[in-house]
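Contents: one structure, followed by commentary.
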Number of protein chains: 2
Amino acid sequence: MSFTLARRAARMNPSVIREILKVTERPGILSLAGGLPAPESFPVEAMRAATERVLREAPREALQYAASEGYAPLREWVAAQLNEQGLAATPGQVLITTGSQQGLDLVAKVLLDPGSGVAVEAPTYLGALQAFAPYEPETISLPCDDDGPRLDALERARGARFLYLLPNFQNPSGRCMSAARRLAVADAAAAMGLPIVEDNPYGDLWFDSEPPPPLAARHPLNTIYLGSFSKVLAPGLRLGYVVAPPEVFPKLLQAKQAADLHTPGFNQRVVHEVIRDGFLREHVPTIRARYRARRDAMAAALARHLPPGCRWNAPRGGMFFWVELPEGVDAAALLPRAVERGMAFVPGAPFYAERPQANTLRLSFVTVAPEQIERGVELLAQALKEFA
Amino acid sequence: MSFTLARRAARMNPSVIREILKVTERPGILSLAGGLPAPESFPVEAMRAATERVLREAPREALQYAASEGYAPLREWVAAQLNEQGLAATPGQVLITTGSQQGLDLVAKVLLDPGSGVAVEAPTYLGALQAFAPYEPETISLPCDDDGPRLDALERARGARFLYLLPNFQNPSGRCMSAARRLAVADAAAAMGLPIVEDNPYGDLWFDSEPPPPLAARHPLNTIYLGSFSKVLAPGLRLGYVVAPPEVFPKLLQAKQAADLHTPGFNQRVVHEVIRDGFLREHVPTIRARYRARRDAMAAALARHLPPGCRWNAPRGGMFFWVELPEGVDAAALLPRAVERGMAFVPGAPFYAERPQANTLRLSFVTVAPEQIERGVELLAQALKEFA
């Protein structure tokens, strides 16, 4: 017909994971595939009270057009929160976004030309690859060990527009960068003139001890920091934020304004109403306790059922286990067999920007109850033994 | 410092209007500048009941991650609504967006390469120009008369990726395209292989008679149609939609997913709860009545106060009057004098993609009460007489 697509449209693709999830949403499938927070942890009562209050006290303001920067008290709350974590940010550096996914889109829109380098971890968050792809960058995948990106690989990122990192309980690997690696990577990147985009949706979901300070605390002027309310409150509100150095903040704001004018003011006020008096100090520990028990259940189930030759590390926070199957076992080929047996996972290959490691898979431990985790892992192990 | 901006960032600019609004938000300024719906028309009670119900009946679904396409019952409602207006669309063609501004961004992202032509009306909606600009198109401005874009000018749009039109009570001109012009433009564009992007935020706000059918009804496969809940319910919810032919829908969906995963599910369910049983059939007429009275007040005030040599047409819907000052009078230079006297408007020049007509200005008649409209126009006339 008459429509001519932009060249960048060729770089857009349906999310492999969403396609997999469609298959695995068949009734009776025990899914460890999704990346959904446990809905029983959503603070429904607090939300109800907050919406009621916002609609009683400031209905016209909450329902009217609002500032592209975001709701001022929420920006202040975010800045204060980050200051406590050692990240010196002013409210003027905080841009409220429609989920942190939008933050990734805006950052890419402002910083990436066709052919620009963008360095990522191997593996990395698939949603970030999808946000960056339409801007047609060259993606450089940095080899990682259990502490994060390997220092001897950083040179590969030289000249890139930024290095994208998810240091806390990474999706998909569950990895948490060590304090020493954070400092070393932050310093090396600053010395190379390589900006860092630090994404932190899971940092509050630690089970054993708080993660080390953000890389942004070390070199705030070299770092754009992204946060989210999706994992500590609820994702259906689509509320995240970007904290940016004064050098790039104005362009991110202009991009935000062009993209959707502003994030729903109603949602911003409701969330601020929920959290303003310290609600998260009580609430987040209940999520941690729930997720920790499920992490323990999955660690035990994996140890009990998986055959020799499989490797995994129990994550110290977040939502995911990352499993390496024996060399030569293709997780994508295993998936249909697992689904036949009644369980689902996400194969690891799509999380790699380059050179996918086909013998990896991601398991979510937060959406289902411990007994189901046990059963799901048992089914996975059966499928694997039959397949190998 | 270390950040290198993308080339497209040079095309992003702060909204001229938002900058003007900052100046004019000084206390004591009677502003006819803003484009804000009247907050007293926000259905606060209905919203309160709907949020309460959503959080009681489906809290976990409303607060969880959701489909990028949008909430299925809301997509069905939109399709049914458009079918009534003669636009044959299926729910599968409806993409729910974070305000219709996001629809403009997604359309541009999917259809515009650097240097692509995009044709717009002169003047046109500034937010559309801002949404398109980062994709670095060549913007072609089509001369218009009171019925819409002039047919003899359409040839200038040949080869453009699309023609952007706002046929109902356009922002800023208030113009409503005639039925004959719609058909002629839709047919000519289809014959030229020129897709149309039809934006309709104001169509429900008619005062005298319903506007003619959308251009999309004539050539649905050649048209992308955008709608919004901002003007009939409230803008602070950020809910709009794009209706696209099957040929382009999948790419728009992929762009949407990369941009913010999905529009807040909570907001979609609340709005669906408000409107599902015909609420808008009662509610929208109350907005029309309020705005009609204010339109009449402004028409009377303009006739009473403006000096000879000024031209305007009373709009038959929407939110804006468009005033042409005498030849040679620069509205941007007039603005500070008007502000000194205590009123504000928006100069017309920024609404032109090419060859701005400096002697134009936009007045909003919906945000303030009739007495204030009278007073605001009187102050404008005084400033103008002093200035000319």
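Labels used: A, B, ... for chains in the order of the structure tokens, numbers from 1 for residues in each chain, and numbers from 1 for ligands as shown.
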At a cut-off of 7 Å, list the chain B residues touching chain A, using only C-alpha atoms, as a PyMOL selection string. chain B and resi 2-7+9+12-14+36+39+44+48+52+55+59-60+62-65+98-99+101-102+105+110-113+127+130-131+161+193-195+222+234-238+251+254-255+258-261+264-266
Run DSSP on the backbone of this structure and report the residues of region 86-249 of chain B it assigns to alpha helix (DSSP H), as a PyMOL selection string. chain B and resi 99-111+126-132+179-192+215-218+249
Just asking: which residues within region 91-159 of chain A are strand (DSSP E) according to DSSP, as a PyMOL selection string? chain A and resi 94-97+117-121+138-142+144-145+148-149
Can you work out the spacing between CA of Val329 (chain B) and CA of Pro350 (chain B) in Å, to one decimal? 15.7 Å
I need the residue nearest Glu210 (chain B) from this list: B:Gln85, B:Ala186, B:Asp277, B:His305. Use only C-alpha atoms for the distance. B:Gln85
Correct to one decimal, the distance CA of Asp330 (chain A)-CA of Val366 (chain A) is 24.8 Å
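Neighbouring residues of Ala80 (chain A) at 12 Å or closer, counting only C-alpha atoms and skipping chain neighbours under 3 positions away, are Pro73, Leu74, Arg75, Glu76, Trp77, Asn83, Glu84, Gln85, Gly86, Leu87, Ala88, Ala89, Thr90, Pro91, Gly92, Gln93, Val94 and Arg276 of chain A.
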Those residues with N, CA and C atoms, as a PDB file, in the first residue's frame please?
```
ATOM      1  N   PRO A  73       6.848  17.439  44.242  1.00  0.00           N
ATOM      2  CA  PRO A  73       7.132  16.703  45.491  1.00  0.00           C
ATOM      3  C   PRO A  73       7.688  15.293  45.238  1.00  0.00           C
ATOM      4  N   LEU A  74       7.283  14.674  44.145  1.00  0.00           N
ATOM      5  CA  LEU A  74       7.817  13.342  43.838  1.00  0.00           C
ATOM      6  C   LEU A  74       9.282  13.449  43.411  1.00  0.00           C
ATOM      7  N   ARG A  75       9.606  14.481  42.644  1.00  0.00           N
ATOM      8  CA  ARG A  75      11.002  14.693  42.245  1.00  0.00           C
ATOM      9  C   ARG A  75      11.868  14.947  43.486  1.00  0.00           C
ATOM     10  N   GLU A  76      11.304  15.685  44.444  1.00  0.00           N
ATOM     11  CA  GLU A  76      12.049  15.948  45.683  1.00  0.00           C
ATOM     12  C   GLU A  76      12.254  14.659  46.474  1.00  0.00           C
ATOM     13  N   TRP A  77      11.213  13.826  46.515  1.00  0.00           N
ATOM     14  CA  TRP A  77      11.313  12.557  47.236  1.00  0.00           C
ATOM     15  C   TRP A  77      12.407  11.691  46.614  1.00  0.00           C
ATOM     16  N   ASN A  83      19.995  10.738  47.679  1.00  0.00           N
ATOM     17  CA  ASN A  83      21.017  11.339  48.541  1.00  0.00           C
ATOM     18  C   ASN A  83      21.375  10.399  49.685  1.00  0.00           C
ATOM     19  N   GLU A  84      20.360   9.728  50.240  1.00  0.00           N
ATOM     20  CA  GLU A  84      20.622   8.765  51.315  1.00  0.00           C
ATOM     21  C   GLU A  84      21.526   7.630  50.858  1.00  0.00           C
ATOM     22  N   GLN A  85      21.438   7.298  49.557  1.00  0.00           N
ATOM     23  CA  GLN A  85      22.284   6.227  49.028  1.00  0.00           C
ATOM     24  C   GLN A  85      23.624   6.743  48.529  1.00  0.00           C
ATOM     25  N   GLY A  86      23.908   7.996  48.819  1.00  0.00           N
ATOM     26  CA  GLY A  86      25.219   8.523  48.452  1.00  0.00           C
ATOM     27  C   GLY A  86      25.276   9.146  47.071  1.00  0.00           C
ATOM     28  N   LEU A  87      24.127   9.233  46.408  1.00  0.00           N
ATOM     29  CA  LEU A  87      24.105   9.845  45.078  1.00  0.00           C
ATOM     30  C   LEU A  87      23.613  11.282  45.224  1.00  0.00           C
ATOM     31  N   ALA A  88      24.514  12.233  45.059  1.00  0.00           N
ATOM     32  CA  ALA A  88      24.153  13.640  45.240  1.00  0.00           C
ATOM     33  C   ALA A  88      23.390  14.131  44.019  1.00  0.00           C
ATOM     34  N   ALA A  89      22.051  14.162  44.114  1.00  0.00           N
ATOM     35  CA  ALA A  89      21.237  14.655  43.001  1.00  0.00           C
ATOM     36  C   ALA A  89      20.266  15.696  43.546  1.00  0.00           C
ATOM     37  N   THR A  90      19.998  16.710  42.742  1.00  0.00           N
ATOM     38  CA  THR A  90      19.000  17.701  43.131  1.00  0.00           C
ATOM     39  C   THR A  90      17.665  17.333  42.481  1.00  0.00           C
ATOM     40  N   PRO A  91      16.547  17.818  43.039  1.00  0.00           N
ATOM     41  CA  PRO A  91      15.253  17.566  42.388  1.00  0.00           C
ATOM     42  C   PRO A  91      15.236  18.035  40.932  1.00  0.00           C
ATOM     43  N   GLY A  92      15.994  19.083  40.634  1.00  0.00           N
ATOM     44  CA  GLY A  92      16.053  19.608  39.271  1.00  0.00           C
ATOM     45  C   GLY A  92      16.704  18.657  38.280  1.00  0.00           C
ATOM     46  N   GLN A  93      17.377  17.635  38.777  1.00  0.00           N
ATOM     47  CA  GLN A  93      17.994  16.646  37.885  1.00  0.00           C
ATOM     48  C   GLN A  93      17.114  15.420  37.682  1.00  0.00           C
ATOM     49  N   VAL A  94      15.949  15.401  38.354  1.00  0.00           N
ATOM     50  CA  VAL A  94      15.084  14.222  38.304  1.00  0.00           C
ATOM     51  C   VAL A  94      13.977  14.435  37.267  1.00  0.00           C
ATOM     52  N   ARG A 276       4.987   9.060  50.759  1.00  0.00           N
ATOM     53  CA  ARG A 276       5.546  10.263  51.379  1.00  0.00           C
ATOM     54  C   ARG A 276       5.919  10.104  52.843  1.00  0.00           C
TER      55      ARG A 276
END
```
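Of the listed residues B:Val339, B:Ala184, B:Val323, B:Ala332, the one whose atoms come nearest to Gly28 (chain B) is B:Val339, with distances taken using only C-alpha atoms.
Counting only C-alpha atoms and comparing B:Ile275, B:Ala303, B:Val377, B:Ile287, the residue that lies closest to Arg362 (chain B) is B:Val377.
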Distance CA of Lys385 (chain B)-CA of Phe321 (chain B), one decimal place? 19.5 Å
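The residue that comes closest to Pro285 (chain A), out of A:Phe249, A:Phe345, A:Phe207, A:Trp322 and on the basis of only C-alpha atoms, is A:Phe207.
Excluding Asn171 (chain A) itself and any same-chain residue fewer than 2 positions from it, the protein and nucleic acid residues within 8 Å of it, counting only C-alpha atoms, are A:Thr124, A:Tyr125, A:Leu166, A:Phe169, A:Ser173, A:Gly174, A:Met319, A:Phe320.
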Spatial neighbours of Leu21 (chain A), 9 Å, only C-alpha atoms, chain gap at least 3 places, as a tab-separated table (two decimals) with N, CA and C atoms, in the first residue's frame:
```tsv
chain	number	residue	atom	x	y	z
A	16	VAL	N	10.85	-11.24	21.63
A	16	VAL	CA	10.91	-12.70	21.65
A	16	VAL	C	10.26	-13.22	22.92
A	17	ILE	N	10.53	-12.53	24.01
A	17	ILE	CA	9.99	-13.00	25.28
A	17	ILE	C	8.47	-12.93	25.29
A	18	ARG	N	7.93	-11.82	24.79
A	18	ARG	CA	6.46	-11.72	24.77
A	18	ARG	C	5.85	-12.81	23.89
A	24	THR	N	3.31	-19.80	26.48
A	24	THR	CA	3.36	-20.42	27.80
A	24	THR	C	2.22	-19.99	28.70
A	25	GLU	N	1.35	-19.11	28.20
A	25	GLU	CA	0.23	-18.69	29.03
A	25	GLU	C	-0.95	-19.65	28.90
A	31	SER	N	4.44	-21.53	34.80
A	31	SER	CA	5.41	-20.67	34.13
A	31	SER	C	6.41	-20.04	35.09
A	33	ALA	N	8.64	-18.31	33.49
A	33	ALA	CA	9.18	-17.52	32.38
A	33	ALA	C	9.03	-16.01	32.60
A	34	GLY	N	7.90	-15.60	33.12
A	34	GLY	CA	7.58	-14.17	33.17
A	34	GLY	C	8.50	-13.38	34.07
A	344	ALA	N	7.40	-23.70	31.88
A	344	ALA	CA	8.01	-22.80	30.90
A	344	ALA	C	9.11	-21.97	31.54
A	345	PHE	N	10.10	-21.64	30.73
A	345	PHE	CA	11.19	-20.74	31.13
A	345	PHE	C	11.49	-19.83	29.94
A	346	VAL	N	12.43	-18.91	30.10
A	346	VAL	CA	12.85	-18.10	28.96
A	346	VAL	C	14.26	-18.51	28.54
```
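Across B:Arg304, B:Gly317, B:Arg288, B:Ala331, the tightest approach to Met177 (chain B) is made by B:Gly317 when counting only C-alpha atoms.
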